[in-house]
Structure formats: structure tokens, C-alpha cells
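Colleague: For reference, the structure I am asking about is given below.
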Amino acid sequence: MKMIKTTNLARNVALTLALSAVLAAAPAFADETSCSPFTPLIKGQEDLVYVWTLGVKGIGDGSDKLVTVDVNPKSKTYGKVIHKLSLGGRGEVHHVGLSDDRRFLWGGALDSNKIFVFDIGTNPAKPKLTRTITDFVEKTGFVGPHSFIAMPGRMLITPLSNKKDHGGETGVVVYNNKGEYVSHEQMPKTNGGDGYGYDVGINPQKNVFLTSSFTGWNNYMMDLGKMVKDPEAMKRFGNTSVMWDMKTMKPLKVFQTPGAPLEVRWSWNKGDNWAVTTTALTSKIWVYKQDAKGEWQARDVATIGDPAKIPLPVDISITADAKGMWINTFMDGTARYWDMSDPMAPKEVFTKKIGSQVNMVSQSYDGKRVYFTSSLLGNWDKKAKDDEQYLKLYNWDGKDLKLAFEIDFYKEKLGRAHHMKFQARDLSTLQPLDVAQNLPALLARKQ
Amino acid sequence: MKQLTSALLVLCALTLPACEQAFAPAAEALLIAPPLGLPALPIPPDSPLTRARIDLGRTLFMDRRLSHNNTLSCAMCHVPEQGFTSHELGTAIGLEGQSIRRNSPTIYNVAYVEQLFHDGREFSLENQAWGPLLAGNEMANPSIGYVIEKIKVLPEYAGRFEKAFNGRGPDMQTVGQALASYQRTLVSANSRFDRWHFGKEQGALTAEEKAGFELFSGKAGCSSCHLVGDKQALFSDNRFHNSGIGYARSMGPAKKHRVQLAPGVFVDVEDKALNAFEQPLPDVGRYEVTLDPADSWAYRTPILRNVALTSPYMHDGSLATLDDVIEFYDGGGIDNPQKDPLLRPLGLTTQEKRALLAFLGSLTGDNVAQQVAEARATQPGDRPPAHDPASTFRRSY
């Protein structure tokens with residue numbers, strides 16, 4: 001196996017070289033979608049899927065895990081769990097993020113506030129825990145490290161809550177690749193801001209990042225049925241999203257996007273200047289686009305399902321050409337494919353029930369393979385027989401989803417299957433995304 | 001902090017007989033001179049207040065590491081800025097988000113509560129503290145000893161128990177006493193109502209608020225349970241009554257829930273639409289303590305001081321605002337076999353309801369900002385112990 005050197009210098013050189021190589025390259029980025037644009041991509045067949053898995057009391061060892069699944073159809077262990085790493089305890093593990101060189105995977109826990117850093121470069125099929133970051137709350141006052149988006153040499157982290165009252169006021173945080181705290185900012189509470197936070201998507205070409213908003217520990221840790229019946233709790237959801245200046249880390253504009261806007265994805269089509277999100281409670285698609293004067297505007301462009309039934313749109317996955325997007329609705333366990341060729345007027349063109357509940361969706365770079373997992377949050381997942389926990393791979397031919405394999409995470413004594421990231425066994429096959437033209441300026445920014 | 005000291009805490013002269021017997025010779029006992037409107041502070045003779053114990057108790061109260069996984073302090077559910085209760089939750093949630101069936105009550109003036117918890121199952125703050133520390137759905141520590149060993153290995157507590165307890169380290173009694181000592185100091189009165197009613201300051205209340213008090217102690221009959229004395233007022237009889245709220249929750253028909261999706265956006269959700277999730281936890285109130293069917297769905301009358309700061313209301317947090325509470329009483333409660341006969345439809349006019357509301361708003365004590373600031377000035381630290389206390393434990397005798 002060929003290895004990429006990890007020194008900063010080597011990495012910078014690699015990226016600078018990549019820059020010239022990709023100037024004429026095709027538009028990039030699929031899901032591979034939720035990766036940072038600074039993270040090199042798997043443009044062919046992914047070999048491995050890491051599933052960030054919540055421990056469940058009474059299932060196996062009851063502990064949170066990183067589960068590695070072989071997904072290369074040419075492999076003897078295709079569709080099988082080939083590695084699992086128990087972390088000890090249940091901390092409400094939630095999302096993972098790849099480092100800028102894709103040699104490390106950062107995984108956060110929304111309750112214990114621990115951040116686990118795994119070496120997925122040395123032997124991608126056998127991730128190794130190399131560091132557990134435990135000073136997140138101490139350094140920031142925030143609780144619930146959620147999204148991990150790589151920046152050069154750094155990790156941008158968006159938490160969900162705070163240690164003062166476990167409500168939704170929170171911020172954005174930067175750590176460096178050594179796992180050291182660098183800085184943090186409060187989510188804005190002026191100009192219409194409500195202080196809440198959730199996901200982050202960065203667009204170095206525009207020197208911006210966009211954050212969305214969800215709810216605090218009090219709600220994300222609560223049984224979903226109990227919460228829906230508690231009018232006080234239901235008042236505590238984020239209703240805003242914020243465009244930030246990426247270099248200065250200062251808010252540029254607050255948008256009113258009521259009802260918990262969640263996942264943020266950018267279109268990486270050349271010349272495109274839009275991002276998209278969906279609101280969990282109000283079931284809307286919002287598109288953020290620059291107007292003729294270059295100012296960012298947010299528009300509610302479509303409704304997902306019947307909002308009166310609270311379908312709860314959760315994860316989304318945009319295609320490499322940004323012409324299509326998967327939207328999962330948790331309550332009815334349904335995957336919905338939306339035609340995004342006109343982002344200001346998207347249309348739902350396909351739906352399929354994946355299970356009793358469905359949360360995450362990740363597609364391969366070519367969009368032909370679509371992976372689904374079941375768990376939303378430990379206490380939001382359904383109970384008893386409706387609590388199906390799985391990883392399912394479907395093949396997508398543009399018309400239908402056909403099941404390729406599924407793994408029952410309860411039968412395998414694993415737990416609740418949540419966030420996924422792909423990995424290649426040979427990291428020399430990784431290719432960068434076409435945003436490299438901004439890198440020199442970025443790398444020159446003040447430390 | 002200084003202000004609080006001078007306003008409320010008076011150094012107890014060591015010649016006072018009561019003090020002499022209660023303290024080890026070197027201890028500095030503090031007496032709290034009750035603010036206008038409150039009776040003398042009840043303090044158990046074997047748990048005297050001292051500055052060191054109060055400060056230590058406050059640190060413990062604010063320390064998230066007192067829960068098994070270092071996430072929940074007492075103050076995460078009894079939030080200082082939220083009236084030492086939690087505005088954001090009808091009923092609380094504990095470790096790993098587990099459901100708790102009742103609302104977090106305020107800690108203000110808790111020293112005056114005779115039987116603690118909504119159902120009165122505990123009798124001293126010293127003992128009460130171990131309830132949340134050990135309850136599997138609250139702070140969920142594995143054992144008493146585990147809590148004590150953990151406190152011992154946290155550097156922030158080194159020497160503090162010994163100083164506060166005459167050489168005694170953390171143990172079941174001293175942890176309880178420290179927490180109790182701090183909570184006892186959360187007295188709050190000298191409200192505008194007190195200055196008017198007890199202090200005879202005519203201008204302290206508006207005409208509407210005064211009219212509200214007339215109703216409270218007259219036509220509306222509130223003061224038959226929320227007692228107001230000649231020299232002071234607790235606004236509680238420290239007894240248990242059935243208003244029907246608990247009954248309806250347990251026995252009532254399935255209902256629709258009006259659910260807010262965003263500001264101004266609501267949908268109605270049927271109970272059965274939520275069948276895939278946890279079912280409501282049973283709660284029969286005071287009956288669970290006495291096992292007397294007559295006590296079914298009875299809950300303790302809360303002290304109404306600072307009530308404007310302690311939403312949502314009732315044992316299950318089911319009433320969001322004081323307006324809702326007044327509407328509830330105006331309707332005479334919810335009928336059921338054990339309903340308290342004192343509750344009956346009141347026929348209040350809109351104006352009378354407004355007056356009652358205004359009156360309840362005059363019960364806020366004058367030291368709230370200080371109490372909050374003092375709690376927040378306490379920074380117990382966030383760093384979990386380097387090693388789990390259970391893995392480092394060695395017998396020392």
C-alpha cells in the first residue's frame with residue numbers, strides 16, 4: 001500500500017500540485033458530499049464504510065463503536081463487518097468527519113462531549129484510536145460537538161449546546177490537527193440570530209461557511225415522544241442559519257429559516273453559488289444563493305411530504321453534479337430523490353421506504369451506490385419493533401433503488417447505526433476537489 | 001456576594017447557647033436573618049451553617065462531574081438563571097436523556113419546605129441530596145462510595161471538606177450537609193408584596209396588585225392552601241392536595257397535542273401517532289409515599305415566592321404561564337374522586353384574572369440577581385478525573 005506523507009509541507013505541496021492538475025477537471029463532490037472541500041475524494045469504488053455506532057444497553061457490550069464494513073463487491077468479505085472498535089461507555093456518538101488528508105477520522109459524542117480521533121491511514125481496514133479529546137467543554141463552554149469539517153491543518157467543529165443550561169445557545173470551534181484547541185466563536189444573537197447551531201458547510205471559493213441550527217442537549221437527549229408532548233421543549237428549536245466569513249470567522253448574515261434547518265450542502269458545480277438545507281420540523285427545502293449584487297439570500301423553495309404529519313426530513317445527500325439530492329424522512333422511513341436541476345424549483349421524482357425509520361444517506365461519487373443507516377439519536381429512535389437498526393446499500397440506476405446488502409446492527413450486537421464515511425484501502429487513489437484555486441490564500445491566512 | 005453577606009448573614013456570637021452546643025469550638029456559625037416576609041430559617045442543630053460549608057455546597061451544586069458521566073450538575077436541572085428550575089422542560093431529563101416524570105422544582109426558599117419532593121417522600125435536605133445523586137435516571141452514580149471517591153480524587157476539593165467539617169473528609173453525611181447548607185441560603189423575599197403587606201410601604205404595590213391580593217386571600221380562595229400569616233408568608237401549607245392535573249394525566253382519555261414546529265406554526269398530533277415512542281410514565285403522587293388511596297394524585301402546595309421566575313408550573317410542568325394557572329383555578333380544577341373540595345369554579349372576571357396575575361408578579365424577592373451571580377461565580381471545573389475513581393480505589397485503613 002502506498003502512503004501519503006503527513007508533514008504539513010508535504011501536504012501543501014501535494015495540494016498545490018493537485019491544484020494545477022484539477023483546473024480543468026470535471027465538477028466534483030458527492031457524498032463523498034458531506035466531506036470538506038479540503039478533503040481528497042474517492043472518485044471510484046469505495047472500499048470501506050465506517051459506521052459511527054451508538055452503544056445500546058443490553059445489546060452486546062453496550063458500548064459506542066466505530067464499525068468498519070467492507071463494501072467493495074470484489075472483496076471476499078463484501079457486505080460484512082470486518083472490524084469494530086469499542087470506545088467504552090455511551091456518549092451519544094453522532095457525526096464523524098475526515099481530516100484534510102483523509103488519514104484521520106474525527107468522531108464526536110453529543111453527551112459525553114468526547115472527540116475520538118482515529119488513524120484510518122496506516123491501515124484503513126483497521127482504524128486505531130489515536131487520541132481522545134476531553135477538553136472541549138473546558139475550553140469552549142459548549143456541549144455536544146457535532147459536525148467536523150476539515151480546513152487546512154485544522155478541524156472546524158460545530159457543537160449544539162452549552163454547559164450552562166443545556167439549552168441551544170452555542171457556537172463554532174476550531175481545533176488543530178494535533179487535537180489542540182485553537183479558538184471559538186459564539187453563534188450570533190444579534191441581527192435576528194437565535195444563538196443556535198448544528199451543521200456547517202464551507203465554501204472556500206466564496207470565502208464563506210454556512211451554519212444551521214437545531215436544539216440543545218435538553219431536547220436532543222430526550223425521548224422524541226415525550227418531547228413532542230412537551231410544549232416548553234418544542235419552543236426550543238433553532239430557526240436561523242448564518243453565513244460566515246471563513247477567514248475572519250465573523251458572521252456576515254443571519255437568515256430566518258424556521259423549524260430547525262439541519263444538514264448543509266454546497267453545489268460544487270463550476271460557477272454555482274448556492275447551498276441547500278432542509279428544515280426538520282417544518283419540512284422545507286431552503287436554498288441560499290447570491291443575488292445580482294452578490295448578497296446571500298435564503299429562499300424556501302419546496303415542501304417535503306405533508307408537514308402536518310411531521311415527516312422529519314433528516315439527512316440529505318447531493319449528487320456530484322448537484323442535479324439531484326436524496327432526502328430522508330425519518331418518521332416514515334422513506335428516501336426521496338429530488339431533481340435539483342433548477343435549485344430554485346426542485347421536484348420530488350422518486351420515493352422508497354427503506355425501513356421503519358431512516359436517518360443518514362451517503363452516496364458514492366458516481367451516485368450509483370446509496371447507503372442508508374437508521375439511527376437519528378439514541379432517544380429519538382423508535383422503540384420496540386419499530387427500532388430497526390441497519391446499514392443498507394442500494395444500487396441506484398436513476399429510476400429505482402435495488403438492495404445490494406443489509407446488515408442488521410442489532411443481530412450483529414453492534415447498536416444503533418448512525419453516521420457513515422467512506423474510505424479507500426489505497427490512499428494514493430484519492431483525488432482532490434476542484435476548489436484548490438483558493439488554497440494558497442487560505443494557507444497564508446494568519447495562524 | 002459581599003452584599004449578600006451583610007444583608008442576610010449575621011455572625012453567630014459563640015456565646016449563644018444554641019451555637020455553642022451545635023459547633024465544634026473553632027467553627028464559625030452563621031445565622032441567616034430572614035428577609036422581610038419570611039420566618040426564621042429552620043436549621044437542623046446537627047447541620048449548622050458555616051461559610052465554608054455554604055461555599056463548598058455551592059461548588060458541589062454547580063459541579064457537572066457529580067454525575068456518573070460528568071454531564072449533569074444539580075444546577076443543570078435547577079438552573080440559577082431560570083429561577084433554580086428549568087424553563088425549557090415540562091418534566092426533567094436525566095443522565096443519557098432518560099425521562100423523569102416531574103418538573104424540577106425551584107430551590108428558592110427550599111429551607112422552608114417540610115417534606116421534600118412533589119410527593120413529600122424526603123424530610124431533610126441532607127438526605128434529599130442523595131436522591132438525585134443515585135437515581136438511575138438522574139445523576140446515576142453507581143454507588144454512594146463512588147461519589148465520595150470521585151470527590152476525593154477531584155483536585156478542586158482537596159482540603160475543602162476537612163476545612164469545613166473539622167477535619168472530616170467527604171462522606172455521606174458531609175456531602176449531604178454541604179449541599180443542604182448552600183441550598184438553605186437560597187432564601188428570597190423582601191419582595192414588593194412584603195414591603196407593602198408586612199413593611200406597610202403603601203406605594204410598594206400598584207392598585208391592581210393590591211386588588212389581586214384581595215382576591216387571592218378572598219374570593220379566589222388561594223390563601224386557604226397558599227398560606228399568608230400575620231408576620232410572614234410562606235404561601236404554602238406544606239400539605240398535599242389533588243387538583244386533578246395528575247389524575248387527568250394518568251386516567252384521562254388519549255388526547256391531541258398542539259405541537260409547535262416553529263414560531264407561530266402549529267400542528268395537532270394524536271397520542272397514537274407517537275405510539276412508536278416512550279409511553280408516559282405513571283405517577284400517582286403522594287399515594288406512592290403513604291399508600292393511602294385518599295392521597296392519590298395529591299402533590300405538595302408549592303411556595304409561591306419568585307413564582308414569576310419559575311415557569312412552567314405544577315408537578316408536571318403542564319401549565320406554561322401564570323395565565324394558564326389562573327385559568328385552571330378559575331375552572332375549579334379537574335373533577336375526580338379525590339379532588340380537593342377547596343377547588344371550585346371561581347367565576348373570575350377578566351379584570352380579576354389580570355389582578356391576580358399582577359399580584360403573583362409582586363412576589364419576586366429582592367436578591368435574585370445576587371443569588372444567580374453568586375452561583376455563576378462558582379467555577380467548579382470541567383475536567384473529569386484523570387482515572388475513574390473505581391479504578392484507583394485503595395482501602396486506606
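Residues in the C-alpha cells are named by chain (A, B, ... in the order shown) and by number from 1 within that chain; ligands are numbered from 1 in the order shown.
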Could you please tell me, as a PyMOL selection string, which residues of chain B have an atom within 7 Å of chain A when using only C-alpha atoms?
Modeller: chain B and resi 69+71+76+79+88-90+93+96-99+257+259-262+267+274+276-278+382-383
Colleague: Now that the selection is made, can you save its residues with C-alpha atoms as an mmCIF file, in the first residue's frame?
Modeller:
```
data_model
loop_
_atom_site.group_PDB
_atom_site.id
_atom_site.type_symbol
_atom_site.label_atom_id
_atom_site.label_comp_id
_atom_site.auth_asym_id
_atom_site.auth_seq_id
_atom_site.Cartn_x
_atom_site.Cartn_y
_atom_site.Cartn_z
ATOM 1 C CA ASN B 69 -20.698 10.694 33.124
ATOM 2 C CA THR B 71 -22.622 15.938 32.296
ATOM 3 C CA MET B 76 -28.306 21.769 35.078
ATOM 4 C CA VAL B 79 -30.670 26.437 36.598
ATOM 5 C CA GLU B 88 -37.058 24.662 28.871
ATOM 6 C CA LEU B 89 -38.633 21.446 30.094
ATOM 7 C CA GLY B 90 -42.056 20.499 31.395
ATOM 8 C CA ILE B 93 -34.497 14.625 31.813
ATOM 9 C CA GLU B 96 -28.243 9.994 28.951
ATOM 10 C CA GLY B 97 -31.527 11.830 28.442
ATOM 11 C CA GLN B 98 -33.631 9.436 30.484
ATOM 12 C CA SER B 99 -37.133 10.624 31.200
ATOM 13 C CA HIS B 257 -51.281 17.578 21.373
ATOM 14 C CA VAL B 259 -47.242 20.929 18.738
ATOM 15 C CA GLN B 260 -45.185 23.978 17.841
ATOM 16 C CA LEU B 261 -42.997 23.386 14.780
ATOM 17 C CA ALA B 262 -41.696 26.927 14.530
ATOM 18 C CA VAL B 267 -49.949 21.089 14.166
ATOM 19 C CA LEU B 274 -46.466 8.739 18.938
ATOM 20 C CA ALA B 276 -43.592 4.157 18.474
ATOM 21 C CA PHE B 277 -42.002 6.225 21.240
ATOM 22 C CA GLU B 278 -41.863 6.018 25.009
ATOM 23 C CA ASP B 382 -14.940 20.693 33.965
ATOM 24 C CA ARG B 383 -12.061 18.296 33.820
#
```
Colleague: If you run DSSP over the backbone, which residues in segment 167-389 of chain B end up strand (DSSP E)? Put them as a ChimeraX atom specification.
Modeller: /B:240-241,256-262,265-270,299-300
Colleague: With all heavy atoms kept, could you save the residues just selected as a compact mmCIF listing (two decimals), in the first residue's frame?
Modeller:
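again_32.txt, freshly written:
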```
# COMPACT_ATOMS: atom_id res chain seq x y z
N PHE B 240 -50.59 18.39 51.05
CA PHE B 240 -50.74 17.78 49.73
C PHE B 240 -52.20 17.84 49.28
O PHE B 240 -53.10 17.57 50.07
CB PHE B 240 -50.23 16.34 49.79
CG PHE B 240 -48.80 16.28 50.23
CD1 PHE B 240 -48.46 16.33 51.58
CD2 PHE B 240 -47.77 16.27 49.30
CE1 PHE B 240 -47.14 16.34 51.99
CE2 PHE B 240 -46.44 16.27 49.71
CZ PHE B 240 -46.13 16.32 51.06
N HIS B 241 -52.41 18.23 48.03
CA HIS B 241 -53.77 18.39 47.52
C HIS B 241 -53.87 17.81 46.13
O HIS B 241 -52.91 17.85 45.36
CB HIS B 241 -54.16 19.86 47.47
CG HIS B 241 -54.01 20.57 48.78
ND1 HIS B 241 -55.01 20.61 49.74
CD2 HIS B 241 -52.97 21.27 49.30
CE1 HIS B 241 -54.58 21.30 50.78
NE2 HIS B 241 -53.35 21.71 50.55
N LYS B 256 -55.22 14.99 21.89
CA LYS B 256 -54.41 15.57 20.82
C LYS B 256 -53.44 16.54 21.45
O LYS B 256 -53.75 17.19 22.44
CB LYS B 256 -55.32 16.33 19.86
CG LYS B 256 -55.93 15.47 18.80
CD LYS B 256 -56.58 16.33 17.75
CE LYS B 256 -57.14 15.48 16.63
NZ LYS B 256 -58.07 16.25 15.81
N HIS B 257 -52.27 16.64 20.86
CA HIS B 257 -51.28 17.58 21.37
C HIS B 257 -51.06 18.67 20.34
O HIS B 257 -50.82 18.38 19.17
CB HIS B 257 -49.96 16.86 21.66
CG HIS B 257 -50.12 15.72 22.61
ND1 HIS B 257 -50.05 15.86 23.97
CD2 HIS B 257 -50.42 14.41 22.39
CE1 HIS B 257 -50.27 14.70 24.55
NE2 HIS B 257 -50.50 13.79 23.61
N ARG B 258 -51.13 19.90 20.79
CA ARG B 258 -50.84 21.01 19.90
C ARG B 258 -49.33 21.18 19.92
O ARG B 258 -48.73 21.46 20.96
CB ARG B 258 -51.54 22.26 20.44
CG ARG B 258 -51.50 23.41 19.51
CD ARG B 258 -52.88 24.11 19.44
NE ARG B 258 -52.95 24.86 18.20
CZ ARG B 258 -52.64 26.15 18.12
NH1 ARG B 258 -52.28 26.83 19.19
NH2 ARG B 258 -52.70 26.77 16.95
N VAL B 259 -48.70 20.97 18.79
CA VAL B 259 -47.24 20.93 18.74
C VAL B 259 -46.71 22.11 17.93
O VAL B 259 -47.13 22.34 16.80
CB VAL B 259 -46.77 19.60 18.11
CG1 VAL B 259 -45.25 19.56 18.00
CG2 VAL B 259 -47.26 18.42 18.93
N GLN B 260 -45.80 22.85 18.54
CA GLN B 260 -45.18 23.98 17.84
C GLN B 260 -44.03 23.49 16.98
O GLN B 260 -43.10 22.85 17.48
CB GLN B 260 -44.67 25.01 18.86
CG GLN B 260 -43.93 26.15 18.19
CD GLN B 260 -43.48 27.22 19.16
OE1 GLN B 260 -44.14 27.49 20.15
NE2 GLN B 260 -42.34 27.83 18.87
N LEU B 261 -44.09 23.78 15.68
CA LEU B 261 -43.00 23.39 14.78
C LEU B 261 -42.01 24.52 14.57
O LEU B 261 -40.83 24.30 14.30
CB LEU B 261 -43.57 22.96 13.43
CG LEU B 261 -44.54 21.78 13.45
CD1 LEU B 261 -45.02 21.45 12.05
CD2 LEU B 261 -43.90 20.55 14.09
N ALA B 262 -42.52 25.72 14.66
CA ALA B 262 -41.70 26.93 14.53
C ALA B 262 -42.55 28.04 15.12
O ALA B 262 -43.75 27.82 15.35
CB ALA B 262 -41.38 27.19 13.05
N VAL B 265 -46.17 28.38 14.06
CA VAL B 265 -46.56 27.23 13.22
C VAL B 265 -46.88 26.04 14.13
O VAL B 265 -46.00 25.54 14.83
CB VAL B 265 -45.44 26.85 12.24
CG1 VAL B 265 -45.89 25.72 11.32
CG2 VAL B 265 -44.97 28.05 11.45
N PHE B 266 -48.13 25.60 14.11
CA PHE B 266 -48.55 24.51 14.99
C PHE B 266 -49.22 23.41 14.20
O PHE B 266 -49.84 23.67 13.17
CB PHE B 266 -49.55 25.02 16.04
CG PHE B 266 -48.96 26.00 17.01
CD1 PHE B 266 -48.93 27.35 16.72
CD2 PHE B 266 -48.41 25.56 18.20
CE1 PHE B 266 -48.37 28.27 17.61
CE2 PHE B 266 -47.85 26.45 19.10
CZ PHE B 266 -47.83 27.81 18.81
N VAL B 267 -49.13 22.18 14.69
CA VAL B 267 -49.95 21.09 14.17
C VAL B 267 -50.52 20.32 15.35
O VAL B 267 -49.98 20.38 16.45
CB VAL B 267 -49.15 20.11 13.27
CG1 VAL B 267 -48.69 20.77 11.99
CG2 VAL B 267 -47.97 19.50 14.02
N ASP B 268 -51.63 19.61 15.11
CA ASP B 268 -52.20 18.75 16.14
C ASP B 268 -51.70 17.33 15.92
O ASP B 268 -51.80 16.81 14.82
CB ASP B 268 -53.73 18.76 16.07
CG ASP B 268 -54.28 20.06 16.64
OD1 ASP B 268 -53.64 20.60 17.57
OD2 ASP B 268 -55.33 20.53 16.16
N VAL B 269 -51.18 16.73 16.97
CA VAL B 269 -50.67 15.37 16.87
C VAL B 269 -51.45 14.48 17.83
O VAL B 269 -51.61 14.81 19.00
CB VAL B 269 -49.16 15.33 17.20
CG1 VAL B 269 -48.65 13.90 17.22
CG2 VAL B 269 -48.37 16.18 16.21
N GLU B 270 -51.96 13.38 17.32
CA GLU B 270 -52.71 12.43 18.15
C GLU B 270 -51.73 11.61 18.98
O GLU B 270 -50.63 11.29 18.52
CB GLU B 270 -53.48 11.45 17.26
CG GLU B 270 -54.35 12.10 16.22
CD GLU B 270 -55.82 11.94 16.56
OE1 GLU B 270 -56.11 11.39 17.64
OE2 GLU B 270 -56.65 12.38 15.76
N TYR B 299 -50.34 16.42 45.40
CA TYR B 299 -48.97 16.95 45.34
C TYR B 299 -48.85 18.10 46.32
O TYR B 299 -49.85 18.72 46.69
CB TYR B 299 -48.65 17.41 43.91
CG TYR B 299 -48.70 16.25 42.94
CD1 TYR B 299 -49.89 15.94 42.27
CD2 TYR B 299 -47.59 15.43 42.74
CE1 TYR B 299 -49.97 14.85 41.42
CE2 TYR B 299 -47.67 14.34 41.89
CZ TYR B 299 -48.85 14.05 41.23
OH TYR B 299 -48.93 12.96 40.41
N ARG B 300 -47.58 18.36 46.70
CA ARG B 300 -47.38 19.38 47.72
C ARG B 300 -47.70 20.78 47.19
O ARG B 300 -47.38 21.11 46.04
CB ARG B 300 -45.95 19.34 48.25
CG ARG B 300 -45.80 20.04 49.61
CD ARG B 300 -44.36 20.26 49.99
NE ARG B 300 -43.72 21.16 49.06
CZ ARG B 300 -42.64 20.85 48.35
NH1 ARG B 300 -42.06 19.68 48.49
NH2 ARG B 300 -42.14 21.73 47.52
```
Colleague: Give the alpha helix (DSSP H) residues of segment 148-241 of chain B, as DSSP finds them on the backbone, and put them as an MDAnalysis selection string.
Modeller: chainID B and resid 148:153 160:164 172:184 192:197 207:216
Colleague: Set the distance at 8 Å and use only C-alpha atoms: which residues neighbour Pro145 of chain A once local chain neighbours fewer than 5 positions away are removed? I'd like the list as a list in words.
Modeller: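 My list of contacting residues is Gly108, Ala109, Leu110, Asn113, Lys114, Ile115, Phe136, Ile157, Thr158, Pro159 and Leu160 of chain A.
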Colleague: Could you please determine the separation between atom CA of Arg425 of chain A and atom CA of Gly60 of chain A in Å, to one decimal place?
Modeller: 28.2 Å
Colleague: From the options A:Ser75, A:Ser375, A:Ile318, A:Lys323, which residue's atoms come nearest to Gln363 of chain A, counting only C-alpha atoms?
Modeller: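 Of A:Ser75, A:Ser375, A:Ile318, A:Lys323, the one nearest Gln363 of chain A, counting only C-alpha atoms, is A:Ile318.
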Colleague: Using Å and a single decimal, report how far atom CA of Met249 of chain A sits from atom CA of Gly179 of chain A.
Modeller: 19.5 Å
Colleague: Considering only C-alpha atoms, return as a list in words whatever protein or nucleic-acid residues lie within 10 Å of Arg239 of chain B, sequence-local ones (same chain, fewer than 3 positions apart) excluded.
Modeller: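 Result of the neighbour search: Val113, Glu114, Gln115, Asp119, Gly120, Cys225, His226, Ser236, Ala298, Tyr299, Arg300, Thr301 and Pro302 of chain B.
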Colleague: Please write the residues from the selection above to a file, keeping N, CA, C and O atoms, as a PDB file, in the first residue's frame.
Modeller:
```
ATOM      1  N   VAL B 113     -39.380  24.150  53.136  1.00  0.00           N
ATOM      2  CA  VAL B 113     -40.209  23.013  52.729  1.00  0.00           C
ATOM      3  C   VAL B 113     -40.071  21.913  53.778  1.00  0.00           C
ATOM      4  O   VAL B 113     -38.960  21.532  54.132  1.00  0.00           O
ATOM      5  N   GLU B 114     -41.192  21.425  54.270  1.00  0.00           N
ATOM      6  CA  GLU B 114     -41.112  20.433  55.345  1.00  0.00           C
ATOM      7  C   GLU B 114     -40.876  19.025  54.805  1.00  0.00           C
ATOM      8  O   GLU B 114     -40.078  18.275  55.346  1.00  0.00           O
ATOM      9  N   GLN B 115     -41.628  18.670  53.775  1.00  0.00           N
ATOM     10  CA  GLN B 115     -41.453  17.347  53.185  1.00  0.00           C
ATOM     11  C   GLN B 115     -41.098  17.541  51.723  1.00  0.00           C
ATOM     12  O   GLN B 115     -41.889  18.087  50.963  1.00  0.00           O
ATOM     13  N   ASP B 119     -44.026  14.814  46.104  1.00  0.00           N
ATOM     14  CA  ASP B 119     -44.852  13.881  46.871  1.00  0.00           C
ATOM     15  C   ASP B 119     -44.439  13.809  48.344  1.00  0.00           C
ATOM     16  O   ASP B 119     -44.958  13.004  49.101  1.00  0.00           O
ATOM     17  N   GLY B 120     -43.478  14.628  48.750  1.00  0.00           N
ATOM     18  CA  GLY B 120     -43.094  14.703  50.158  1.00  0.00           C
ATOM     19  C   GLY B 120     -42.421  13.463  50.690  1.00  0.00           C
ATOM     20  O   GLY B 120     -42.549  13.122  51.861  1.00  0.00           O
ATOM     21  N   CYS B 225     -54.752  27.440  50.855  1.00  0.00           N
ATOM     22  CA  CYS B 225     -53.636  26.490  50.735  1.00  0.00           C
ATOM     23  C   CYS B 225     -52.290  27.228  50.673  1.00  0.00           C
ATOM     24  O   CYS B 225     -51.319  26.790  51.276  1.00  0.00           O
ATOM     25  N   HIS B 226     -52.257  28.314  49.943  1.00  0.00           N
ATOM     26  CA  HIS B 226     -51.022  29.124  49.848  1.00  0.00           C
ATOM     27  C   HIS B 226     -51.076  30.152  50.979  1.00  0.00           C
ATOM     28  O   HIS B 226     -51.455  31.308  50.789  1.00  0.00           O
ATOM     29  N   SER B 236     -47.542  28.613  51.366  1.00  0.00           N
ATOM     30  CA  SER B 236     -47.753  27.175  51.276  1.00  0.00           C
ATOM     31  C   SER B 236     -48.172  26.656  52.631  1.00  0.00           C
ATOM     32  O   SER B 236     -47.725  27.162  53.657  1.00  0.00           O
ATOM     33  N   ALA B 298     -52.274  13.529  44.802  1.00  0.00           N
ATOM     34  CA  ALA B 298     -52.069  14.750  45.581  1.00  0.00           C
ATOM     35  C   ALA B 298     -50.591  15.134  45.503  1.00  0.00           C
ATOM     36  O   ALA B 298     -49.715  14.262  45.501  1.00  0.00           O
ATOM     37  N   TYR B 299     -50.344  16.419  45.399  1.00  0.00           N
ATOM     38  CA  TYR B 299     -48.971  16.948  45.337  1.00  0.00           C
ATOM     39  C   TYR B 299     -48.846  18.097  46.319  1.00  0.00           C
ATOM     40  O   TYR B 299     -49.846  18.722  46.692  1.00  0.00           O
ATOM     41  N   ARG B 300     -47.583  18.363  46.700  1.00  0.00           N
ATOM     42  CA  ARG B 300     -47.385  19.383  47.723  1.00  0.00           C
ATOM     43  C   ARG B 300     -47.700  20.783  47.191  1.00  0.00           C
ATOM     44  O   ARG B 300     -47.384  21.107  46.043  1.00  0.00           O
ATOM     45  N   THR B 301     -48.273  21.614  48.051  1.00  0.00           N
ATOM     46  CA  THR B 301     -48.511  23.008  47.694  1.00  0.00           C
ATOM     47  C   THR B 301     -47.164  23.717  47.611  1.00  0.00           C
ATOM     48  O   THR B 301     -46.439  23.768  48.604  1.00  0.00           O
ATOM     49  N   PRO B 302     -46.817  24.255  46.446  1.00  0.00           N
ATOM     50  CA  PRO B 302     -45.517  24.921  46.355  1.00  0.00           C
ATOM     51  C   PRO B 302     -45.545  26.308  46.990  1.00  0.00           C
ATOM     52  O   PRO B 302     -46.589  26.959  47.026  1.00  0.00           O
TER      53      PRO B 302
END
```
Colleague: Just how far from atom CA of Tyr337 of chain A is atom CA of Phe409 of chain A, in Å to one decimal?
Modeller: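 Computed distance, atom CA of Phe409 of chain A to atom CA of Tyr337 of chain A, equals 25.3 Å.
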Colleague: I'd like the neighbourhood of Ala320 of chain B as a PyMOL selection string, where a residue qualifies if any of its atoms comes within 7 Å (using only C-alpha atoms), though same-chain residues fewer than 5 positions away should be ignored.
Modeller: chain B and resi 311-313
Colleague: Keeping only N, CA, C and O atoms, write the selected residues as a PDB file, in the first residue's frame.
Modeller:
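Saved result, again.pdb, follows:
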```pdb
ATOM      1  N   SER B 311     -41.474  29.273  35.800  1.00  0.00           N
ATOM      2  CA  SER B 311     -42.282  28.529  34.829  1.00  0.00           C
ATOM      3  C   SER B 311     -41.476  27.340  34.297  1.00  0.00           C
ATOM      4  O   SER B 311     -40.251  27.384  34.328  1.00  0.00           O
ATOM      5  N   PRO B 312     -42.085  26.318  33.723  1.00  0.00           N
ATOM      6  CA  PRO B 312     -43.524  26.062  33.712  1.00  0.00           C
ATOM      7  C   PRO B 312     -43.986  25.525  35.068  1.00  0.00           C
ATOM      8  O   PRO B 312     -43.166  25.184  35.915  1.00  0.00           O
ATOM      9  N   TYR B 313     -45.315  25.433  35.241  1.00  0.00           N
ATOM     10  CA  TYR B 313     -45.878  25.221  36.571  1.00  0.00           C
ATOM     11  C   TYR B 313     -46.506  23.841  36.769  1.00  0.00           C
ATOM     12  O   TYR B 313     -46.819  23.149  35.820  1.00  0.00           O
TER      13      TYR B 313
END
```
Colleague: Hey, which of B:Ile100, B:Ala180, B:Ala248, B:Cys222 ends up closest to Leu342 of chain B? Count only C-alpha atoms.
Modeller: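 Of the candidates, the smallest distance to Leu342 of chain B is held by B:Cys222.
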